[in-house]
$ cat query_0.tsv   # TSV, C-alpha atoms and all ligand atoms
chain	number	residue	atom	x	y	z
A	1	MET	CA	0.00	0.00	0.00
A	2	ALA	CA	1.33	3.41	-0.95
A	3	GLY	CA	1.90	5.73	1.99
A	4	ALA	CA	0.13	9.05	2.47
A	5	LYS	CA	3.21	10.87	1.20
A	6	GLU	CA	3.40	8.85	-2.03
A	7	ASN	CA	-0.29	9.45	-2.60
A	8	ALA	CA	0.10	13.17	-2.19
A	9	TYR	CA	3.11	13.15	-4.55
A	10	SER	CA	1.41	11.20	-7.30
A	11	ARG	CA	-1.74	13.28	-7.02
A	12	ARG	CA	0.31	16.45	-7.40
A	13	ILE	CA	2.21	15.19	-10.45
A	14	LEU	CA	-1.02	14.02	-12.09
A	15	GLN	CA	-2.56	17.41	-11.35
A	16	TYR	CA	0.34	19.17	-13.11
A	17	MET	CA	0.33	16.67	-15.97
A	18	GLU	CA	-3.37	17.18	-16.62
A	19	GLY	CA	-3.42	20.92	-15.96
A	20	PHE	CA	-3.92	21.58	-19.66
A	21	LEU	CA	-7.17	19.59	-19.62
A	22	VAL	CA	-8.53	22.20	-17.22
A	23	SER	CA	-7.26	25.09	-19.39
A	24	LYS	CA	-8.80	23.59	-22.53
A	25	THR	CA	-12.14	22.95	-20.85
A	26	LEU	CA	-12.26	26.58	-19.73
A	27	PHE	CA	-11.20	27.86	-23.18
A	28	THR	CA	-13.77	25.73	-24.98
A	29	ALA	CA	-16.69	26.60	-22.71
A	30	CYS	CA	-15.86	30.32	-23.11
A	31	GLU	CA	-15.33	30.18	-26.85
A	32	LEU	CA	-18.49	28.18	-27.53
A	33	GLY	CA	-20.35	30.83	-25.53
A	34	VAL	CA	-21.59	28.63	-22.67
A	35	PHE	CA	-21.30	31.30	-19.96
A	36	ASP	CA	-22.83	34.05	-22.10
A	37	HIS	CA	-25.69	31.77	-23.15
A	38	LEU	CA	-26.52	30.81	-19.56
A	39	ASP	CA	-26.17	34.44	-18.48
A	40	ALA	CA	-28.65	35.57	-21.13
A	41	SER	CA	-31.19	32.92	-20.16
A	42	GLU	CA	-33.85	33.82	-17.60
A	43	HIS	CA	-33.66	30.39	-16.01
A	44	PRO	CA	-31.28	27.41	-15.69
A	45	LEU	CA	-30.98	25.32	-18.87
A	46	SER	CA	-30.66	21.63	-19.70
A	47	ALA	CA	-27.67	20.33	-21.68
A	48	MET	CA	-30.05	19.78	-24.61
A	49	ALA	CA	-31.16	23.41	-24.54
A	50	VAL	CA	-27.57	24.70	-24.36
A	51	ALA	CA	-26.51	22.31	-27.17
A	52	GLN	CA	-29.36	23.54	-29.38
A	53	GLY	CA	-28.72	27.19	-28.55
A	54	LEU	CA	-25.01	26.88	-29.40
A	55	SER	CA	-25.35	24.39	-32.29
A	56	THR	CA	-23.29	21.58	-30.75
A	57	SER	CA	-23.84	17.87	-30.20
A	58	LYS	CA	-25.92	17.04	-27.11
A	59	ASP	CA	-23.46	14.42	-25.91
A	60	GLY	CA	-20.42	16.68	-26.27
A	61	MET	CA	-22.17	19.56	-24.53
A	62	GLU	CA	-23.34	17.31	-21.70
A	63	ARG	CA	-19.74	16.27	-20.98
A	64	LEU	CA	-18.43	19.83	-21.27
A	65	LEU	CA	-21.09	21.18	-18.88
A	66	SER	CA	-20.45	18.33	-16.48
A	67	ALA	CA	-16.70	19.08	-16.43
A	68	CYS	CA	-17.51	22.74	-15.78
A	69	VAL	CA	-19.58	21.66	-12.78
A	70	GLY	CA	-16.59	19.77	-11.41
A	71	LEU	CA	-14.47	22.90	-11.90
A	72	GLU	CA	-17.10	24.95	-10.06
A	73	LEU	CA	-17.69	27.08	-13.14
A	74	LEU	CA	-21.33	25.90	-13.27
A	75	THR	CA	-23.87	24.62	-10.75
A	76	THR	CA	-26.71	22.18	-11.28
A	77	GLN	CA	-30.23	21.68	-10.01
A	78	PRO	CA	-32.78	19.01	-10.88
A	79	SER	CA	-35.86	20.01	-12.89
A	80	ALA	CA	-39.41	18.85	-12.16
A	81	ASP	CA	-39.19	16.24	-14.95
A	82	GLY	CA	-35.91	14.74	-13.74
A	83	GLN	CA	-33.50	16.62	-16.04
A	84	VAL	CA	-30.31	18.34	-14.89
A	85	LEU	CA	-30.40	22.11	-15.25
A	86	TYR	CA	-27.24	24.24	-15.42
A	87	SER	CA	-26.49	27.80	-14.39
A	88	ASN	CA	-23.40	29.98	-13.97
A	89	THR	CA	-21.65	30.27	-10.63
A	90	GLU	CA	-21.02	33.77	-9.26
A	91	MET	CA	-17.35	33.39	-10.28
A	92	SER	CA	-18.26	32.63	-13.91
A	93	THR	CA	-20.76	35.47	-14.12
A	94	MET	CA	-18.09	37.88	-12.85
A	95	PHE	CA	-15.12	36.77	-14.89
A	96	LEU	CA	-16.24	34.63	-17.84
A	97	THR	CA	-19.16	36.48	-19.40
A	98	LYS	CA	-18.13	38.89	-22.16
A	99	SER	CA	-20.04	41.88	-20.85
A	100	SER	CA	-18.93	41.81	-17.22
A	101	PRO	CA	-16.75	44.77	-16.22
A	102	GLN	CA	-14.18	42.33	-14.80
A	103	SER	CA	-14.38	39.96	-17.76
A	104	LEU	CA	-11.36	37.78	-18.51
A	105	TYR	CA	-13.02	36.55	-21.71
A	106	HIS	CA	-10.47	38.23	-23.99
A	107	SER	CA	-7.52	36.98	-21.94
A	108	ILE	CA	-8.90	33.48	-22.25
A	109	GLU	CA	-9.43	33.86	-25.98
A	110	TYR	CA	-5.82	35.05	-26.44
A	111	SER	CA	-4.50	32.26	-24.22
A	112	SER	CA	-6.41	29.72	-26.24
A	113	ASN	CA	-5.53	31.00	-29.71
A	114	THR	CA	-2.02	32.36	-29.33
A	115	ILE	CA	-0.29	31.43	-26.08
A	116	TYR	CA	-1.41	27.79	-26.16
A	117	LEU	CA	-0.02	27.39	-29.69
A	118	CYS	CA	3.33	28.99	-28.75
A	119	TRP	CA	3.61	26.71	-25.72
A	120	HIS	CA	3.39	23.73	-28.01
A	121	TYR	CA	7.00	24.68	-28.88
A	122	LEU	CA	8.23	25.32	-25.34
A	123	LYS	CA	10.85	22.59	-25.66
A	124	ASP	CA	12.27	24.25	-28.80
A	125	ALA	CA	12.15	27.64	-27.07
A	126	VAL	CA	14.19	26.29	-24.16
A	127	ARG	CA	16.70	24.62	-26.49
A	128	GLU	CA	17.08	27.62	-28.80
A	129	GLY	CA	16.55	30.37	-26.23
A	130	LYS	CA	14.16	32.29	-28.47
A	131	ASN	CA	10.49	32.85	-29.26
A	132	GLN	CA	8.57	30.51	-31.50
A	133	TYR	CA	6.51	32.67	-33.90
A	134	GLU	CA	8.12	31.11	-36.94
A	135	LYS	CA	7.09	27.58	-35.98
A	136	ALA	CA	3.74	28.47	-34.44
A	137	PHE	CA	2.49	30.99	-37.02
A	138	GLY	CA	4.96	31.01	-39.94
A	139	VAL	CA	6.03	34.57	-39.05
A	140	SER	CA	9.67	35.27	-39.84
A	141	SER	CA	9.85	38.97	-38.91
A	142	LYS	CA	12.83	39.95	-36.78
A	143	ASP	CA	10.81	42.79	-35.25
A	144	LEU	CA	9.05	41.51	-32.14
A	145	PHE	CA	5.93	43.65	-32.42
A	146	GLU	CA	5.65	43.00	-36.15
A	147	ALA	CA	5.38	39.32	-35.19
A	148	LEU	CA	3.01	39.95	-32.27
A	149	TYR	CA	0.87	42.21	-34.49
A	150	ARG	CA	1.03	39.92	-37.54
A	151	SER	CA	-2.51	40.96	-38.48
A	152	ASP	CA	-4.80	43.80	-37.38
A	153	GLU	CA	-7.06	41.21	-35.78
A	154	GLU	CA	-4.18	39.76	-33.79
A	155	MET	CA	-3.18	43.27	-32.64
A	156	VAL	CA	-6.70	44.02	-31.38
A	157	LYS	CA	-6.75	40.68	-29.53
A	158	PHE	CA	-3.42	41.50	-27.90
A	159	MET	CA	-4.73	44.92	-26.89
A	160	GLN	CA	-7.84	43.33	-25.37
A	161	LEU	CA	-5.61	40.90	-23.46
A	162	MET	CA	-3.52	43.80	-22.13
A	163	ASN	CA	-6.67	45.70	-21.22
A	164	SER	CA	-8.41	43.04	-19.18
A	165	VAL	CA	-6.04	42.53	-16.26
A	166	TRP	CA	-6.13	46.22	-15.27
A	167	ASN	CA	-9.88	45.99	-14.71
A	168	ILE	CA	-8.99	43.59	-11.92
A	169	CYS	CA	-5.79	44.94	-10.35
A	170	GLY	CA	-5.09	48.30	-12.03
A	171	LYS	CA	-6.29	50.33	-9.08
A	172	ASP	CA	-3.93	48.56	-6.65
A	173	VAL	CA	-1.05	49.20	-9.04
A	174	LEU	CA	-1.78	52.93	-9.34
A	175	THR	CA	-2.32	53.49	-5.62
A	176	ALA	CA	0.73	51.51	-4.45
A	177	PHE	CA	2.50	54.92	-4.36
A	178	ASP	CA	1.00	58.38	-4.10
A	179	LEU	CA	1.36	59.66	-7.66
A	180	SER	CA	-0.49	62.94	-7.04
A	181	PRO	CA	2.72	65.07	-7.22
A	182	PHE	CA	3.17	64.03	-10.86
A	183	LYS	CA	1.04	66.18	-13.14
A	184	SER	CA	2.18	65.25	-16.64
A	185	ILE	CA	2.33	61.49	-17.05
A	186	TYR	CA	3.47	59.51	-20.09
A	187	ASP	CA	2.39	55.87	-20.31
A	188	LEU	CA	5.05	54.40	-22.60
A	189	GLY	CA	3.62	51.46	-24.51
A	190	GLY	CA	0.27	52.46	-22.99
A	191	CYS	CA	-1.56	50.22	-25.47
A	192	SER	CA	-5.37	50.23	-25.04
A	193	GLY	CA	-5.28	52.92	-22.35
A	194	ALA	CA	-6.67	50.86	-19.46
A	195	LEU	CA	-4.08	52.18	-16.98
A	196	ALA	CA	-4.35	55.72	-18.37
A	197	LYS	CA	-8.12	55.73	-17.74
A	198	LEU	CA	-7.67	54.52	-14.18
A	199	CYS	CA	-4.88	57.01	-13.61
A	200	VAL	CA	-6.97	60.08	-14.50
A	201	SER	CA	-9.83	58.77	-12.36
A	202	VAL	CA	-7.61	58.17	-9.30
A	203	TYR	CA	-5.59	61.39	-9.72
A	204	PRO	CA	-7.91	64.25	-10.75
A	205	GLU	CA	-5.09	66.71	-11.41
A	206	CYS	CA	-2.96	64.69	-13.82
A	207	THR	CA	-2.98	64.38	-17.57
A	208	VAL	CA	-1.89	61.13	-19.16
A	209	THR	CA	-0.47	60.62	-22.64
A	210	ILE	CA	-0.48	57.15	-24.13
A	211	PHE	CA	2.69	56.72	-26.18
A	212	ASP	CA	2.62	53.74	-28.53
A	213	LEU	CA	3.26	52.58	-32.09
A	214	PRO	CA	1.12	54.37	-34.74
A	215	LYS	CA	-1.09	51.35	-35.48
A	216	VAL	CA	-1.78	50.96	-31.76
A	217	THR	CA	-2.63	54.60	-30.99
A	218	GLU	CA	-4.95	54.62	-34.00
A	219	THR	CA	-6.74	51.48	-32.80
A	220	CYS	CA	-6.82	52.84	-29.27
A	221	ARG	CA	-8.57	56.01	-30.47
A	222	LYS	CA	-11.05	54.03	-32.58
A	223	HIS	CA	-11.91	51.14	-30.27
A	224	PHE	CA	-10.82	51.84	-26.71
A	225	LEU	CA	-11.12	55.59	-25.95
A	226	SER	CA	-14.27	57.69	-25.95
A	227	ASP	CA	-14.94	61.46	-25.95
A	228	GLU	CA	-15.47	61.21	-22.22
A	229	ASP	CA	-11.83	60.31	-21.68
A	230	VAL	CA	-10.72	63.88	-21.14
A	231	ARG	CA	-7.17	64.45	-19.84
A	232	ILE	CA	-5.98	61.47	-21.94
A	233	SER	CA	-4.11	62.07	-25.18
A	234	LEU	CA	-2.32	59.90	-27.68
A	235	HIS	CA	1.22	60.22	-29.00
A	236	LYS	CA	2.38	57.93	-31.78
A	237	GLY	CA	6.01	56.97	-31.97
A	238	ASP	CA	8.76	54.44	-31.44
A	239	PHE	CA	10.25	54.61	-27.95
A	240	PHE	CA	13.55	53.15	-29.14
A	241	LYS	CA	14.02	55.45	-32.13
A	242	ASP	CA	12.18	58.72	-31.41
A	243	THR	CA	13.01	61.38	-28.84
A	244	LEU	CA	10.74	61.13	-25.84
A	245	PRO	CA	8.80	64.18	-24.70
A	246	ASP	CA	9.48	65.69	-21.26
A	247	ALA	CA	7.24	64.47	-18.44
A	248	ASP	CA	6.99	64.30	-14.64
A	249	LEU	CA	6.33	60.59	-14.61
A	250	PHE	CA	6.88	57.81	-17.12
A	251	ILE	CA	4.87	54.63	-16.60
A	252	LEU	CA	6.39	51.47	-18.10
A	253	ALA	CA	3.91	48.69	-17.42
A	254	ARG	CA	4.94	45.29	-18.78
A	255	ILE	CA	7.41	46.95	-21.17
A	256	LEU	CA	10.86	45.97	-19.90
A	257	HIS	CA	9.90	42.28	-19.62
A	258	ASP	CA	9.48	42.17	-23.42
A	259	TRP	CA	13.15	43.04	-24.02
A	260	LYS	CA	16.73	41.93	-23.48
A	261	GLU	CA	18.83	43.83	-21.01
A	262	GLU	CA	20.56	46.08	-23.59
A	263	ARG	CA	17.19	47.31	-24.88
A	264	CYS	CA	16.02	47.97	-21.32
A	265	ILE	CA	19.16	50.06	-20.69
A	266	LEU	CA	18.64	51.99	-23.93
A	267	LEU	CA	15.04	52.77	-23.02
A	268	LEU	CA	15.72	53.70	-19.38
A	269	ASP	CA	18.56	56.01	-20.46
A	270	LYS	CA	16.15	57.85	-22.75
A	271	VAL	CA	13.50	58.00	-20.05
A	272	TYR	CA	16.01	59.45	-17.57
A	273	LYS	CA	17.03	62.18	-20.03
A	274	SER	CA	13.40	63.21	-20.65
A	275	CYS	CA	12.36	63.02	-17.04
A	276	LYS	CA	12.00	66.40	-15.29
A	277	PRO	CA	14.06	66.89	-12.10
A	278	GLY	CA	12.00	65.57	-9.19
A	279	GLY	CA	10.12	63.39	-11.64
A	280	GLY	CA	10.32	59.64	-11.89
A	281	VAL	CA	9.55	56.36	-13.54
A	282	LEU	CA	7.01	53.76	-12.47
A	283	LEU	CA	7.70	50.16	-13.50
A	284	VAL	CA	4.89	47.62	-13.32
A	285	GLU	CA	6.06	44.03	-13.66
A	286	ALA	CA	5.58	40.53	-12.24
A	287	LEU	CA	8.66	40.19	-10.01
A	288	LEU	CA	10.63	37.02	-9.35
A	289	SER	CA	11.68	36.55	-5.74
A	290	GLU	CA	15.31	37.21	-4.82
A	291	ASP	CA	15.95	33.56	-3.84
A	292	ASN	CA	14.36	32.11	-7.02
A	293	SER	CA	11.68	30.36	-4.95
A	294	GLY	CA	8.67	31.89	-6.69
A	295	PRO	CA	6.09	33.17	-7.16
A	296	VAL	CA	5.15	30.39	-9.55
A	297	THR	CA	3.01	32.76	-11.64
A	298	ALA	CA	6.01	35.00	-12.35
A	299	GLN	CA	8.19	31.95	-13.07
A	300	LEU	CA	5.64	30.65	-15.59
A	301	TYR	CA	5.22	34.14	-17.09
A	302	SER	CA	8.98	34.21	-17.59
A	303	LEU	CA	8.71	31.02	-19.65
A	304	ASN	CA	5.93	32.72	-21.56
A	305	MET	CA	8.20	35.69	-22.24
A	306	LEU	CA	10.66	33.14	-23.67
A	307	VAL	CA	8.14	31.60	-26.11
A	308	GLN	CA	6.47	34.92	-26.96
A	309	THR	CA	8.97	37.79	-26.68
A	310	GLU	CA	12.65	38.74	-26.45
A	311	GLY	CA	12.52	39.30	-22.71
A	312	ARG	CA	12.13	37.68	-19.33
A	313	GLU	CA	10.64	38.37	-15.92
A	314	ARG	CA	13.22	39.78	-13.47
A	315	LYS	CA	13.88	40.20	-9.76
A	316	GLY	CA	13.38	43.47	-7.91
A	317	SER	CA	17.16	43.75	-7.52
A	318	GLU	CA	17.66	43.43	-11.30
A	319	TYR	CA	15.25	46.30	-11.98
A	320	THR	CA	16.92	48.33	-9.22
A	321	ARG	CA	20.30	47.79	-10.87
A	322	LEU	CA	18.94	48.81	-14.30
A	323	LEU	CA	17.28	51.93	-12.85
A	324	SER	CA	20.39	52.96	-10.89
A	325	ALA	CA	22.60	52.46	-13.95
A	326	ALA	CA	20.33	54.86	-15.85
A	327	GLY	CA	20.81	57.46	-13.10
A	328	PHE	CA	17.65	57.08	-11.05
A	329	SER	CA	17.97	57.29	-7.26
A	330	SER	CA	15.74	56.23	-4.37
A	331	VAL	CA	14.19	53.13	-5.86
A	332	HIS	CA	11.09	51.94	-3.97
A	333	ILE	CA	9.54	48.53	-4.53
A	334	HIS	CA	5.93	47.77	-3.61
A	335	SER	CA	4.95	44.13	-3.91
A	336	ALA	CA	1.19	44.47	-3.86
A	337	GLY	CA	0.65	40.78	-3.27
A	338	HIS	CA	-1.14	40.56	-6.61
A	339	ILE	CA	0.53	39.31	-9.80
A	340	TYR	CA	2.05	42.71	-10.53
A	341	SER	CA	4.46	44.69	-8.36
A	342	VAL	CA	5.26	48.36	-8.71
A	343	ILE	CA	8.65	50.09	-8.62
A	344	LEU	CA	8.97	53.86	-8.30
A	345	ALA	CA	12.34	55.49	-8.97
A	346	LEU	CA	13.06	59.22	-8.82
A	347	LYS	CA	15.34	61.60	-10.68
A	348	GLY	CA	17.01	63.42	-7.78
B	1	LIG	N1	1.55	48.90	-20.86
B	1	LIG	C1	0.48	48.06	-21.33
B	1	LIG	C2	-0.01	47.12	-20.25
B	1	LIG	O1	0.74	46.83	-19.31
B	1	LIG	O2	-1.15	46.67	-20.35
B	1	LIG	C3	0.86	47.27	-22.56
B	1	LIG	C4	2.08	46.39	-22.45
B	1	LIG	S1	2.43	45.50	-23.95
B	1	LIG	C5	3.21	44.11	-23.36
B	1	LIG	C6	3.74	46.39	-24.71
B	1	LIG	C7	3.31	47.69	-25.41
B	1	LIG	O3	4.47	48.37	-25.91
B	1	LIG	C8	2.40	47.45	-26.57
B	1	LIG	O4	1.28	48.31	-26.50
B	1	LIG	C9	3.26	47.77	-27.78
B	1	LIG	O5	2.52	48.23	-28.89
B	1	LIG	C10	4.17	48.83	-27.21
B	1	LIG	N2	5.43	48.94	-27.96
B	1	LIG	C11	6.24	47.94	-28.36
B	1	LIG	N3	7.33	48.42	-29.00
B	1	LIG	C12	7.18	49.76	-29.00
B	1	LIG	C13	7.99	50.82	-29.52
B	1	LIG	N4	9.13	50.58	-30.16
B	1	LIG	N5	7.55	52.09	-29.33
B	1	LIG	C14	6.39	52.35	-28.69
B	1	LIG	N6	5.59	51.39	-28.18
B	1	LIG	C15	5.99	50.10	-28.34
B	2	LIG	C1	3.68	40.69	-22.92
B	2	LIG	C2	2.78	40.27	-21.99
B	2	LIG	C3	2.05	39.12	-22.24
B	2	LIG	C4	3.91	40.01	-24.11
B	2	LIG	C5	3.19	38.86	-24.39
B	2	LIG	C6	2.23	38.43	-23.46
B	2	LIG	C7	1.07	38.42	-21.50
B	2	LIG	C8	0.69	37.34	-22.27
B	2	LIG	N1	1.39	37.34	-23.44
B	2	LIG	O1	4.40	41.80	-22.66
B	2	LIG	C9	0.49	38.78	-20.17
B	2	LIG	C10	1.11	37.97	-19.07
B	2	LIG	N2	0.67	36.60	-19.13
B	2	LIG	C11	1.53	35.59	-19.41
B	2	LIG	C12	0.96	34.23	-19.49
B	2	LIG	O2	2.72	35.79	-19.57

$ encode --input "query_0.tsv" --output "structure tokens"
Amino acid sequence: MAGAKENAYSRRILQYMEGFLVSKTLFTACELGVFDHLDASEHPLSAMAVAQGLSTSKDGMERLLSACVGLELLTTQPSADGQVLYSNTEMSTMFLTKSSPQSLYHSIEYSSNTIYLCWHYLKDAVREGKNQYEKAFGVSSKDLFEALYRSDEEMVKFMQLMNSVWNICGKDVLTAFDLSPFKSIYDLGGCSGALAKLCVSVYPECTVTIFDLPKVTETCRKHFLSDEDVRISLHKGDFFKDTLPDADLFILARILHDWKEERCILLLDKVYKSCKPGGGVLLVEALLSEDNSGPVTAQLYSLNMLVQTEGRERKGSEYTRLLSAAGFSSVHIHSAGHIYSVILALKG
């Protein structure tokens, strides 16, 4: 008889081995529209009704719904005539329906259609030490964002992915430090503007400019910003090639982790030169712990940066070293306890 320890070990390994079955069940239920369909219905539905509504087989849908029950994404109740009726759990309504303000639908869609395919080549990525766009999507561009934005559709999906996490933890990130002394703020690689919108709502006296590639600022204006977003402007450019405008604060959220060290140094040098005296830079990144023990999310994200980008996740001390080398003093790290930590460094 296997001991309690062996049992716990084997259960854990099986759980890791089969982790992708959970991911795929979640992706499929989202993409087929299960959570939106149940959300739109006035009452709980049978598997037959969901299958008909979403044009799938009854048997397949029954198994999918049943697995979702096991994952606590759905709950069941019996009907008067002995059928099983399904409805969303509170968690699914909050995070898996498209229209919820905290929706992770677009993150899930991107994970399913892009990240999952790149991870198929994780072994090659580890061997070669580089991203896998060529194998996964037939993209041979040397420019990282040309590969990431290989079609307009793919760019919009990436922007939606970037957008969604800030609806959940953006406020914690922006209030980790008191940013009220900084009046003119540039969000470098500000993408869809999710952080910019939160920033002007938290700090009523600041103005925020989203600096990003031309295609991105154009899409941001068209699809993500509205006339109500006063105090937010757009600035198209290339932060490696163009001169940066002067500002009190530069936000770099999930920028440095896309790039190798020499690119990070180039960018931080430029930021330092454009930063007003007394101004600063705010880095937002998933930090690795100093002793390499975790957090597992940041460790896995670092593997994802390997398959998807030219960068890596780094430790707080590595960012401190990069910031100090660029000339910044008084580096403060705030590990919010969420996925993303915040580092504020000042130009003395
Ligand atoms: N800061 C956003 C966030 O955390 O949600 C988006 C981070 S995303 C990983 C990187 C952003 O940098 C993208 O919006 C991308 O278009 C932008 N970017 C990449 N290369 C750039 C460049 N050379 N100049 C300006 N923006 C660039
Ligand atoms: C990037 C961030 C991400 C580039 C590619 C990306 C994310 C996913 N793909 O700067 C967000 C973080 N999530 C993961 C799994 O790494």

$ residues_around --input "query_0.tsv" --residues "Pro295 in chain A" --least-positions-apart "3" --cutoff "12 Å" --atoms "all atoms listed in the file" --output "list in words"
Ala286, Leu287, Leu288, Ser289, Glu290, Asp291, Asn292, Ala298, Gln299, Leu300, Tyr301, Ser302, Glu313, Arg314, Lys315, Ser335, Gly337, His338, Ile339, Tyr340 and Ser341 of chain A

$ closest_residue --input "query_0.tsv" --among "A:His37, A:Lys222, A:His43, A:Lys215" --to "Met155 in chain A" --atoms "all atoms listed in the file"
A:Lys215

$ atom_distance --input "query_0.tsv" --atom1 "atom C2 of ligand LIG 1 (chain B)" --atom2 "CA of Ala325 in chain A"
24.1 Å

$ closest_atom_pairs --input "query_0.tsv" --of "chain A" --to "ligand LIG 2 (chain B)" --cutoff "8 Å" --atoms "only C-alpha atoms and all ligand atoms" --output "tab-separated table"
residue	atom	partner	partner_atom	distance
A:Ser111	CA	B:LIG2	C12	7.5
A:Ile115	CA	B:LIG2	N1	6.7
A:Leu148	CA	B:LIG2	C5	8.0
A:Phe158	CA	B:LIG2	N1	7.8
A:Leu161	CA	B:LIG2	C9	7.2
A:Met162	CA	B:LIG2	C9	6.7
A:Arg254	CA	B:LIG2	O1	5.2
A:Ile255	CA	B:LIG2	O1	6.1
A:His257	CA	B:LIG2	O1	6.3
A:Asp258	CA	B:LIG2	O1	5.1
A:Ala298	CA	B:LIG2	O2	8.0
A:Leu300	CA	B:LIG2	C12	7.1
A:Tyr301	CA	B:LIG2	O2	3.9
A:Ser302	CA	B:LIG2	O2	6.8
A:Leu303	CA	B:LIG2	O2	7.7
A:Asn304	CA	B:LIG2	O2	4.9
A:Met305	CA	B:LIG2	O2	6.1
A:Gln308	CA	B:LIG2	C5	5.7
A:Thr309	CA	B:LIG2	C4	6.1

$ residues_around --input "query_0.tsv" --residues "range 116-126 of chain A" --least-positions-apart "6" --cutoff "10 Å" --atoms "all atoms listed in the file" --output "PDB file with C-alpha atoms, in the coordinates of the input"
ATOM      1  CA  PHE A  20      -3.920  21.580 -19.660  1.00  0.00           C
ATOM      2  CA  SER A  23      -7.260  25.090 -19.390  1.00  0.00           C
ATOM      3  CA  LYS A  24      -8.800  23.590 -22.530  1.00  0.00           C
ATOM      4  CA  TYR A 110      -5.820  35.050 -26.440  1.00  0.00           C
ATOM      5  CA  GLN A 132       8.570  30.510 -31.500  1.00  0.00           C
ATOM      6  CA  TYR A 133       6.510  32.670 -33.900  1.00  0.00           C
ATOM      7  CA  GLU A 134       8.120  31.110 -36.940  1.00  0.00           C
ATOM      8  CA  LYS A 135       7.090  27.580 -35.980  1.00  0.00           C
ATOM      9  CA  ALA A 136       3.740  28.470 -34.440  1.00  0.00           C
ATOM     10  CA  PHE A 137       2.490  30.990 -37.020  1.00  0.00           C
ATOM     11  CA  LEU A 303       8.710  31.020 -19.650  1.00  0.00           C
ATOM     12  CA  ASN A 304       5.930  32.720 -21.560  1.00  0.00           C
ATOM     13  CA  LEU A 306      10.660  33.140 -23.670  1.00  0.00           C
ATOM     14  CA  VAL A 307       8.140  31.600 -26.110  1.00  0.00           C
ATOM     15  CA  GLN A 308       6.470  34.920 -26.960  1.00  0.00           C
TER      16      GLN A 308
END

$ residues_near_ligand --input "query_0.tsv" --ligand "ligand LIG 1 (chain B)" --cutoff "6 Å" --atoms "only C-alpha atoms and all ligand atoms" --output "number ranges by chain"
A: 145, 162-163, 189-191, 212-213, 216, 237-240, 253-255

$ residues_around --input "query_0.tsv" --residues "Leu252 in chain A" --least-positions-apart "4" --cutoff "8 Å" --atoms "only C-alpha atoms" --output "PyMOL selection string"
chain A and resi 187-190+256+281-284

$ closest_residue --input "query_0.tsv" --among "A:Asp269, A:Asp242, A:Glu261, A:Glu72" --to "Ser324 in chain A" --atoms "only C-alpha atoms"
A:Asp269

$ closest_residue --input "query_0.tsv" --among "A:Val342, A:Gly129, A:Ser87, A:Asp39" --to "Cys169 in chain A" --atoms "all atoms listed in the file"
A:Val342

$ closest_residue --input "query_0.tsv" --among "A:Ser184, A:Leu38, A:Ala29, A:His332" --to "Leu85 in chain A" --atoms "only C-alpha atoms"
A:Leu38

$ atom_distance --input "query_0.tsv" --atom1 "CA of Ile168 in chain A" --atom2 "CA of Leu96 in chain A"
13.0 Å

$ residues_near_point --input "query_0.tsv" --point "(2.7, 61.8, -19.9)" --cutoff "8 Å" --atoms "all atoms listed in the file" --output "JSON, numbers by chain"
{"A": [184, 185, 186, 187, 207, 208, 209, 210, 246, 247, 248, 249, 250]}

$ write_last_selection --input "query_0.tsv" --atoms "C-alpha atoms" --output "compact mmCIF listing (two decimals), in the coordinates of the input"
# COMPACT_ATOMS: atom_id res chain seq x y z
CA SER A 184 2.18 65.25 -16.64
CA ILE A 185 2.33 61.49 -17.05
CA TYR A 186 3.47 59.51 -20.09
CA ASP A 187 2.39 55.87 -20.31
CA THR A 207 -2.98 64.38 -17.57
CA VAL A 208 -1.89 61.13 -19.16
CA THR A 209 -0.47 60.62 -22.64
CA ILE A 210 -0.48 57.15 -24.13
CA ASP A 246 9.48 65.69 -21.26
CA ALA A 247 7.24 64.47 -18.44
CA ASP A 248 6.99 64.30 -14.64
CA LEU A 249 6.33 60.59 -14.61
CA PHE A 250 6.88 57.81 -17.12
